[in-house]
$ cat coords-v9.cif   # mmCIF, C-alpha atoms and all ligand atoms
data_entry
loop_
_atom_site.group_PDB
_atom_site.id
_atom_site.type_symbol
_atom_site.label_atom_id
_atom_site.label_comp_id
_atom_site.auth_asym_id
_atom_site.auth_seq_id
_atom_site.Cartn_x
_atom_site.Cartn_y
_atom_site.Cartn_z
ATOM 1 C CA MET A 1077 2.433 -2.750 -4.880
ATOM 2 C CA SER A 1078 1.151 0.107 -7.016
ATOM 3 C CA ASP A 1079 -0.038 -2.277 -9.753
ATOM 4 C CA ILE A 1080 -2.225 -4.054 -7.227
ATOM 5 C CA PHE A 1081 -3.446 -0.724 -5.853
ATOM 6 C CA GLU A 1082 -4.288 0.423 -9.391
ATOM 7 C CA ARG A 1083 -6.263 -2.778 -9.976
ATOM 8 C CA LEU A 1084 -8.153 -2.276 -6.723
ATOM 9 C CA LEU A 1085 -8.835 1.342 -7.659
ATOM 10 C CA ALA A 1086 -10.272 0.227 -10.976
ATOM 11 C CA LEU A 1087 -12.507 -2.281 -9.186
ATOM 12 C CA SER A 1088 -13.689 0.101 -6.483
ATOM 13 C CA THR A 1089 -16.080 2.973 -6.720
ATOM 14 C CA SER A 1090 -14.959 6.555 -6.199
ATOM 15 C CA ARG A 1091 -17.061 7.499 -3.217
ATOM 16 C CA VAL A 1092 -14.328 9.210 -1.213
ATOM 17 C CA PRO A 1093 -15.470 12.412 0.508
ATOM 18 C CA ARG A 1094 -13.355 14.897 -1.452
ATOM 19 C CA PRO A 1095 -12.783 14.855 -5.229
ATOM 20 C CA GLU A 1096 -9.063 15.562 -4.799
ATOM 21 C CA PHE A 1097 -8.647 12.187 -3.112
ATOM 22 C CA ARG A 1098 -10.186 10.243 -6.015
ATOM 23 C CA GLY A 1099 -7.586 8.023 -7.576
ATOM 24 C CA GLU A 1100 -5.540 8.080 -4.380
ATOM 25 C CA LEU A 1101 -7.831 6.360 -1.878
ATOM 26 C CA ILE A 1102 -9.955 3.236 -2.010
ATOM 27 C CA PRO A 1103 -13.120 3.652 0.067
ATOM 28 C CA ILE A 1104 -13.732 0.880 2.599
ATOM 29 C CA GLU A 1105 -16.577 1.969 4.840
ATOM 30 C CA GLU A 1106 -18.580 5.146 5.352
ATOM 31 C CA THR A 1107 -18.732 6.701 8.821
ATOM 32 C CA VAL A 1108 -20.928 9.470 10.234
ATOM 33 C CA ASP A 1109 -18.431 12.109 9.094
ATOM 34 C CA GLY A 1110 -16.376 10.579 6.305
ATOM 35 C CA TRP A 1111 -14.850 7.358 5.068
ATOM 36 C CA TYR A 1112 -12.345 4.765 6.103
ATOM 37 C CA CYS A 1113 -10.058 4.382 3.093
ATOM 38 C CA LEU A 1114 -7.019 2.408 1.973
ATOM 39 C CA GLU A 1115 -4.033 4.446 0.863
ATOM 40 C CA ARG A 1116 -1.573 3.489 -1.846
ATOM 41 C CA THR A 1117 0.976 2.749 0.902
ATOM 42 C CA GLY A 1118 -1.336 0.175 2.484
ATOM 43 C CA ALA A 1119 -2.171 2.445 5.413
ATOM 44 C CA VAL A 1120 -5.791 2.803 6.464
ATOM 45 C CA VAL A 1121 -6.968 6.368 7.008
ATOM 46 C CA HIS A 1122 -10.170 8.059 8.087
ATOM 47 C CA VAL A 1123 -10.947 11.019 5.831
ATOM 48 C CA THR A 1124 -13.624 13.456 6.956
ATOM 49 C CA SER A 1125 -15.903 15.326 4.612
ATOM 50 C CA ASP A 1126 -13.762 18.394 5.431
ATOM 51 C CA GLY A 1127 -10.742 16.584 4.001
ATOM 52 C CA ASP A 1128 -8.943 15.894 7.262
ATOM 53 C CA ALA A 1129 -7.146 12.544 7.118
ATOM 54 C CA GLU A 1130 -6.022 10.544 10.133
ATOM 55 C CA GLN A 1131 -4.161 7.245 9.925
ATOM 56 C CA ILE A 1132 -5.679 4.324 11.800
ATOM 57 C CA ALA A 1133 -2.685 3.211 13.832
ATOM 58 C CA GLU A 1134 -4.395 0.538 15.917
ATOM 59 C CA ALA A 1135 -3.460 -2.752 14.209
ATOM 60 C CA ARG A 1136 -6.680 -4.640 15.026
ATOM 61 C CA THR A 1137 -8.886 -1.916 13.575
ATOM 62 C CA ALA A 1138 -6.720 -1.458 10.483
ATOM 63 C CA ALA A 1139 -6.597 -5.220 9.821
ATOM 64 C CA ALA A 1140 -10.367 -5.535 10.264
ATOM 65 C CA LEU A 1141 -11.011 -2.699 7.815
ATOM 66 C CA VAL A 1142 -8.691 -4.157 5.173
ATOM 67 C CA GLY A 1143 -10.292 -7.534 5.860
ATOM 68 C CA LYS A 1144 -13.713 -6.058 5.282
ATOM 69 C CA LEU A 1145 -12.522 -4.597 1.983
ATOM 70 C CA ALA A 1146 -11.127 -8.018 1.069
ATOM 71 C CA THR A 1147 -14.544 -9.622 1.488
ATOM 72 C CA VAL A 1148 -15.640 -7.478 -1.486
ATOM 73 C CA LEU A 1149 -12.299 -7.195 -3.320
ATOM 74 C CA PRO A 1150 -10.170 -10.269 -2.467
ATOM 75 C CA LEU A 1151 -7.084 -8.665 -4.005
ATOM 76 C CA ALA A 1152 -7.057 -6.346 -0.967
ATOM 77 C CA THR A 1153 -5.597 -9.194 1.135
ATOM 78 C CA TYR A 1154 -2.283 -8.065 -0.374
ATOM 79 C CA PHE A 1155 -2.457 -5.082 1.962
ATOM 80 C CA LEU A 1156 -3.088 -7.070 5.138
ATOM 81 C CA GLY A 1157 -0.178 -6.815 7.526
ATOM 82 C CA ARG A 1158 1.900 -9.871 8.345
ATOM 83 C CA TYR A 1159 1.365 -10.204 12.065
ATOM 84 C CA ARG A 1160 3.541 -12.676 13.962
ATOM 85 C CA ASN A 1161 1.161 -12.391 16.876
ATOM 86 C CA ALA A 1162 -2.145 -13.027 15.100
ATOM 87 C CA GLU A 1163 -4.767 -15.095 16.870
ATOM 88 C CA VAL A 1164 -8.027 -16.697 15.820
ATOM 89 C CA CYS A 1165 -10.905 -14.275 16.260
ATOM 90 C CA ALA A 1166 -12.718 -15.194 19.474
ATOM 91 C CA THR A 1167 -16.025 -13.805 18.226
ATOM 92 C CA CYS A 1168 -16.365 -15.904 15.057
ATOM 93 C CA ASN A 1169 -13.892 -18.700 15.933
ATOM 94 C CA GLY A 1170 -12.075 -18.108 12.643
ATOM 95 C CA SER A 1171 -15.082 -18.378 10.351
ATOM 96 C CA GLY A 1172 -15.374 -14.636 9.719
ATOM 97 C CA VAL A 1173 -19.124 -14.844 10.327
ATOM 98 C CA ILE A 1174 -20.998 -14.303 13.594
ATOM 99 C CA ASP A 1175 -23.054 -17.479 13.567
ATOM 100 C CA THR A 1176 -25.174 -16.412 16.539
ATOM 101 C CA LEU A 1177 -26.798 -13.736 14.352
ATOM 102 C CA PRO A 1178 -29.967 -14.541 12.431
ATOM 103 C CA LEU A 1179 -29.085 -15.783 8.925
ATOM 104 C CA GLU A 1180 -30.568 -12.692 7.271
ATOM 105 C CA LEU A 1181 -28.124 -10.463 9.197
ATOM 106 C CA GLN A 1182 -24.948 -12.510 8.795
ATOM 107 C CA ASP A 1183 -24.050 -10.806 5.503
ATOM 108 C CA THR A 1184 -24.987 -7.357 6.833
ATOM 109 C CA ILE A 1185 -23.249 -7.229 10.216
ATOM 110 C CA ALA A 1186 -19.510 -7.784 10.013
ATOM 111 C CA CYS A 1187 -17.538 -9.524 12.713
ATOM 112 C CA GLU A 1188 -15.025 -7.402 14.602
ATOM 113 C CA CYS A 1189 -12.248 -9.137 12.613
ATOM 114 C CA GLY A 1190 -13.729 -7.753 9.384
ATOM 115 C CA GLY A 1191 -14.488 -11.267 8.148
ATOM 116 C CA ILE A 1192 -10.923 -12.567 7.925
ATOM 117 C CA GLY A 1193 -11.225 -14.811 10.980
ATOM 118 C CA TRP A 1194 -8.094 -13.629 12.783
ATOM 119 C CA ARG A 1195 -6.846 -10.537 14.565
ATOM 120 C CA PRO A 1196 -3.474 -9.181 15.606
ATOM 121 C CA LYS A 1197 -3.101 -9.650 19.354
ATOM 122 C CA ALA A 1198 -3.952 -6.522 21.331
HETATM 123 ZN ZN ZN B 1 -14.262 -12.635 13.607
#

$ encode --input "coords-v9.cif" --output "structure tokens" --more "lines below"
Ligand SMILES: [Zn+2]
Amino acid sequence: MSDIFERLLALSTSRVPRPEFRGELIPIEETVDGWYCLERTGAVVHVTSDGDAEQIAEARTAAALVGKLATVLPLATYFLGRYRNAEVCATCNGSGVIDTLPLELQDTIACECGGIGWRPKA
């Protein structure tokens, strides 16, 4: 697992909110007060600019965030959980793209599944 994490680290930028986390977290998405990041363990955490880290325990949110990372770095699919209860995303019908959006926004606005086309059941 760590070899894959190291490869992802090398491919990602180091935009995490605190320098001490560089090399340990892969940034996924910026929020108003920090970043969603992937940890070496495969857990998704939210790290604030103050350095507070909180694990994202909700499976649908964590899978969507890893899925979003995988749309940029496909190797990140390694860190997607194996959910026995996954279902096709009702919003995009499995395509990963919200086809009711104007074409110019379809690459900008991510589906709630993160673009992977499925979600763990709630
Ligand atoms: Zn979707």

$ resolve_selection --input "coords-v9.cif" --expression "the PyMOL selection byres (((chain A and resi 1171) around 9) and not hetatm)" --output "list in words"
Cys1165, Cys1168, Asn1169, Gly1170, Gly1172, Val1173, Ile1174, Asp1175, Gly1191, Ile1192, Gly1193 and Trp1194 of chain A

$ write_last_selection --input "coords-v9.cif" --atoms "C-alpha atoms" --output "CSV table (one decimal), in the frame of the given file"
chain,number,residue,atom,x,y,z
A,1165,CYS,CA,-10.9,-14.3,16.3
A,1168,CYS,CA,-16.4,-15.9,15.1
A,1169,ASN,CA,-13.9,-18.7,15.9
A,1170,GLY,CA,-12.1,-18.1,12.6
A,1172,GLY,CA,-15.4,-14.6,9.7
A,1173,VAL,CA,-19.1,-14.8,10.3
A,1174,ILE,CA,-21.0,-14.3,13.6
A,1175,ASP,CA,-23.1,-17.5,13.6
A,1191,GLY,CA,-14.5,-11.3,8.1
A,1192,ILE,CA,-10.9,-12.6,7.9
A,1193,GLY,CA,-11.2,-14.8,11.0
A,1194,TRP,CA,-8.1,-13.6,12.8

$ closest_residue --input "coords-v9.cif" --among "A:Glu1188, A:Glu1180, A:Glu1096, A:Glu1115" --to "Ala1166 (chain A)" --atoms "all atoms listed in the file"
A:Glu1188

$ closest_residue --input "coords-v9.cif" --among "A:Val1164, A:Thr1124, A:Asp1183, A:Arg1136" --to "Pro1196 (chain A)" --atoms "all atoms listed in the file"
A:Arg1136

$ closest_residue --input "coords-v9.cif" --among "A:Asp1126, A:Glu1134, A:Glu1082, A:Glu1106" --to "Arg1195 (chain A)" --atoms "all atoms listed in the file"
A:Glu1134

$ atom_distance --input "coords-v9.cif" --atom1 "CA of Asn1161 (chain A)" --atom2 "CA of Ile1102 (chain A)"
26.9 Å

$ resolve_selection --input "coords-v9.cif" --expression "the PyMOL selection byres (((chain A and resi 1152) around 10) and not hetatm)" --output "compact mmCIF listing (two decimals) with C-alpha atoms, keeping the file's coordinate frame"
# COMPACT_ATOMS: atom_id res chain seq x y z
CA ILE A 1080 -2.22 -4.05 -7.23
CA PHE A 1081 -3.45 -0.72 -5.85
CA ARG A 1083 -6.26 -2.78 -9.98
CA LEU A 1084 -8.15 -2.28 -6.72
CA LEU A 1114 -7.02 2.41 1.97
CA GLY A 1118 -1.34 0.18 2.48
CA VAL A 1142 -8.69 -4.16 5.17
CA GLY A 1143 -10.29 -7.53 5.86
CA LYS A 1144 -13.71 -6.06 5.28
CA LEU A 1145 -12.52 -4.60 1.98
CA ALA A 1146 -11.13 -8.02 1.07
CA THR A 1147 -14.54 -9.62 1.49
CA VAL A 1148 -15.64 -7.48 -1.49
CA LEU A 1149 -12.30 -7.20 -3.32
CA PRO A 1150 -10.17 -10.27 -2.47
CA LEU A 1151 -7.08 -8.66 -4.00
CA THR A 1153 -5.60 -9.19 1.14
CA TYR A 1154 -2.28 -8.06 -0.37
CA PHE A 1155 -2.46 -5.08 1.96
CA LEU A 1156 -3.09 -7.07 5.14

$ axis_aligned_box --input "coords-v9.cif" --around "region 1126-1135 of chain A" --padding-each-side "3 Å" --output "AutoDock Vina command-line options"
--center_x -8.2 --center_y 7.8 --center_z 10.0 --size_x 17.1 --size_y 27.1 --size_z 17.9

$ closest_residue --input "coords-v9.cif" --among "A:Ala1139, A:Val1108, A:Glu1100, A:Ala1119" --to "ligand ZN 1 (chain B)" --atoms "all atoms listed in the file"
A:Ala1139

$ closest_residue --input "coords-v9.cif" --among "A:Thr1089, A:Lys1197, A:Ala1135, A:Arg1116" --to "Leu1101 (chain A)" --atoms "all atoms listed in the file"
A:Arg1116

$ atom_distance --input "coords-v9.cif" --atom1 "CA of Val1123 (chain A)" --atom2 "CA of Leu1181 (chain A)"
27.7 Å

$ atom_distance --input "coords-v9.cif" --atom1 "CA of Tyr1159 (chain A)" --atom2 "CA of Pro1103 (chain A)"
23.4 Å

$ closest_residue --input "coords-v9.cif" --among "A:Val1092, A:Ile1104, A:Leu1087, A:Leu1141" --to "Gly1127 (chain A)" --atoms "all atoms listed in the file"
A:Val1092

$ decode --input "coords-v9.cif" --residues "chain A" --atoms "C-alpha atoms" --output "compact mmCIF listing (two decimals), in the first residue's frame"
# COMPACT_ATOMS: atom_id res chain seq x y z
CA MET A 1077 0.00 0.00 0.00
CA SER A 1078 2.76 2.46 0.86
CA ASP A 1079 4.35 2.10 -2.60
CA ILE A 1080 1.09 3.19 -4.19
CA PHE A 1081 0.74 6.02 -1.67
CA GLU A 1082 4.30 7.15 -2.45
CA ARG A 1083 3.50 7.16 -6.17
CA LEU A 1084 0.36 9.20 -5.55
CA LEU A 1085 2.34 11.60 -3.37
CA ALA A 1086 4.86 12.08 -6.15
CA LEU A 1087 2.04 12.80 -8.60
CA SER A 1088 0.14 15.18 -6.34
CA THR A 1089 0.98 18.69 -5.35
CA SER A 1090 1.84 19.60 -1.77
CA ARG A 1091 -0.93 22.04 -1.00
CA VAL A 1092 -1.84 20.69 2.43
CA PRO A 1093 -2.54 23.41 5.00
CA ARG A 1094 0.42 22.77 7.32
CA PRO A 1095 4.00 22.07 6.22
CA GLU A 1096 4.37 19.27 8.78
CA PHE A 1097 1.73 17.26 6.93
CA ARG A 1098 3.58 17.43 3.58
CA GLY A 1099 4.66 13.98 2.56
CA GLU A 1100 2.00 12.42 4.77
CA LEU A 1101 -1.24 13.63 3.17
CA ILE A 1102 -2.45 13.83 -0.41
CA PRO A 1103 -4.70 16.86 -0.91
CA ILE A 1104 -8.07 16.09 -2.50
CA GLU A 1105 -10.21 19.21 -2.25
CA GLU A 1106 -9.91 22.58 -0.55
CA THR A 1107 -12.65 23.70 1.84
CA VAL A 1108 -13.36 27.07 3.44
CA ASP A 1109 -11.07 26.24 6.36
CA GLY A 1110 -8.68 23.54 5.18
CA TRP A 1111 -8.38 20.52 2.95
CA TYR A 1112 -9.85 17.09 2.52
CA CYS A 1113 -6.85 14.78 2.28
CA LEU A 1114 -6.02 11.10 1.83
CA GLU A 1115 -3.89 9.54 4.53
CA ARG A 1116 -1.33 6.80 4.02
CA THR A 1117 -3.77 4.38 5.69
CA GLY A 1118 -6.43 5.12 3.07
CA ALA A 1119 -8.53 7.15 5.50
CA VAL A 1120 -9.90 10.49 4.36
CA VAL A 1121 -9.39 13.36 6.78
CA HIS A 1122 -10.29 17.03 6.91
CA VAL A 1123 -7.32 19.10 8.06
CA THR A 1124 -7.94 22.71 9.05
CA SER A 1125 -5.46 25.49 8.56
CA ASP A 1126 -4.90 25.29 12.34
CA GLY A 1127 -3.73 21.69 11.90
CA ASP A 1128 -6.75 19.97 13.42
CA ALA A 1129 -7.47 16.70 11.62
CA GLU A 1130 -10.78 14.87 11.67
CA GLN A 1131 -11.42 11.57 9.92
CA ILE A 1132 -14.36 11.46 7.52
CA ALA A 1133 -16.19 8.43 8.86
CA GLU A 1134 -19.27 8.63 6.64
CA ALA A 1135 -18.64 6.04 3.90
CA ARG A 1136 -20.49 7.87 1.10
CA THR A 1137 -18.54 11.08 1.63
CA ALA A 1138 -15.20 9.30 1.97
CA ALA A 1139 -15.82 7.23 -1.18
CA ALA A 1140 -16.87 10.31 -3.15
CA LEU A 1141 -13.74 12.20 -2.10
CA VAL A 1142 -11.43 9.32 -3.05
CA GLY A 1143 -13.42 8.99 -6.27
CA LYS A 1144 -12.88 12.65 -7.01
CA LEU A 1145 -9.15 12.21 -6.44
CA ALA A 1146 -9.23 9.20 -8.78
CA THR A 1147 -10.64 11.32 -11.60
CA VAL A 1148 -7.32 13.21 -11.51
CA LEU A 1149 -5.04 10.40 -10.28
CA PRO A 1150 -6.55 7.04 -11.35
CA LEU A 1151 -4.14 5.14 -9.09
CA ALA A 1152 -6.20 6.47 -6.16
CA THR A 1153 -8.90 3.87 -6.93
CA TYR A 1154 -6.64 1.53 -4.93
CA PHE A 1155 -7.85 3.34 -1.83
CA LEU A 1156 -11.56 3.03 -2.57
CA GLY A 1157 -13.29 0.79 -0.07
CA ARG A 1158 -14.77 -2.52 -1.16
CA TYR A 1159 -18.43 -2.03 -0.36
CA ARG A 1160 -20.71 -5.07 -0.55
CA ASN A 1161 -23.67 -2.73 -0.46
CA ALA A 1162 -22.70 -0.32 -3.25
CA GLU A 1163 -25.41 0.95 -5.55
CA VAL A 1164 -25.43 2.86 -8.82
CA CYS A 1165 -25.44 6.59 -8.18
CA ALA A 1166 -29.00 7.84 -8.65
CA THR A 1167 -27.85 11.32 -9.65
CA CYS A 1168 -25.64 10.36 -12.61
CA ASN A 1169 -27.04 6.85 -13.28
CA GLY A 1170 -23.51 5.43 -13.08
CA SER A 1171 -21.89 7.74 -15.61
CA GLY A 1172 -20.10 9.88 -13.03
CA VAL A 1173 -21.27 13.02 -14.84
CA ILE A 1174 -24.41 15.07 -14.17
CA ASP A 1175 -25.73 15.19 -17.72
CA THR A 1176 -28.45 17.71 -16.86
CA LEU A 1177 -25.75 20.37 -16.34
CA PRO A 1178 -24.68 22.56 -19.24
CA LEU A 1179 -21.70 20.98 -21.04
CA GLU A 1180 -19.34 23.76 -19.92
CA LEU A 1181 -20.05 22.91 -16.26
CA GLN A 1182 -19.90 19.12 -16.44
CA ASP A 1183 -16.14 19.06 -15.82
CA THR A 1184 -16.37 21.71 -13.09
CA ILE A 1185 -19.23 20.46 -10.91
CA ALA A 1186 -18.69 16.97 -9.56
CA CYS A 1187 -21.50 14.52 -8.99
CA GLU A 1188 -22.20 13.57 -5.39
CA CYS A 1189 -20.53 10.19 -6.09
CA GLY A 1190 -17.27 12.00 -6.89
CA GLY A 1191 -17.39 10.78 -10.48
CA ILE A 1192 -17.11 7.05 -9.82
CA GLY A 1193 -20.74 6.31 -10.65
CA TRP A 1194 -21.59 4.33 -7.51
CA ARG A 1195 -22.04 4.95 -3.81
CA PRO A 1196 -22.08 2.82 -0.69
CA LYS A 1197 -25.68 2.46 0.47
CA ALA A 1198 -26.60 4.90 3.22
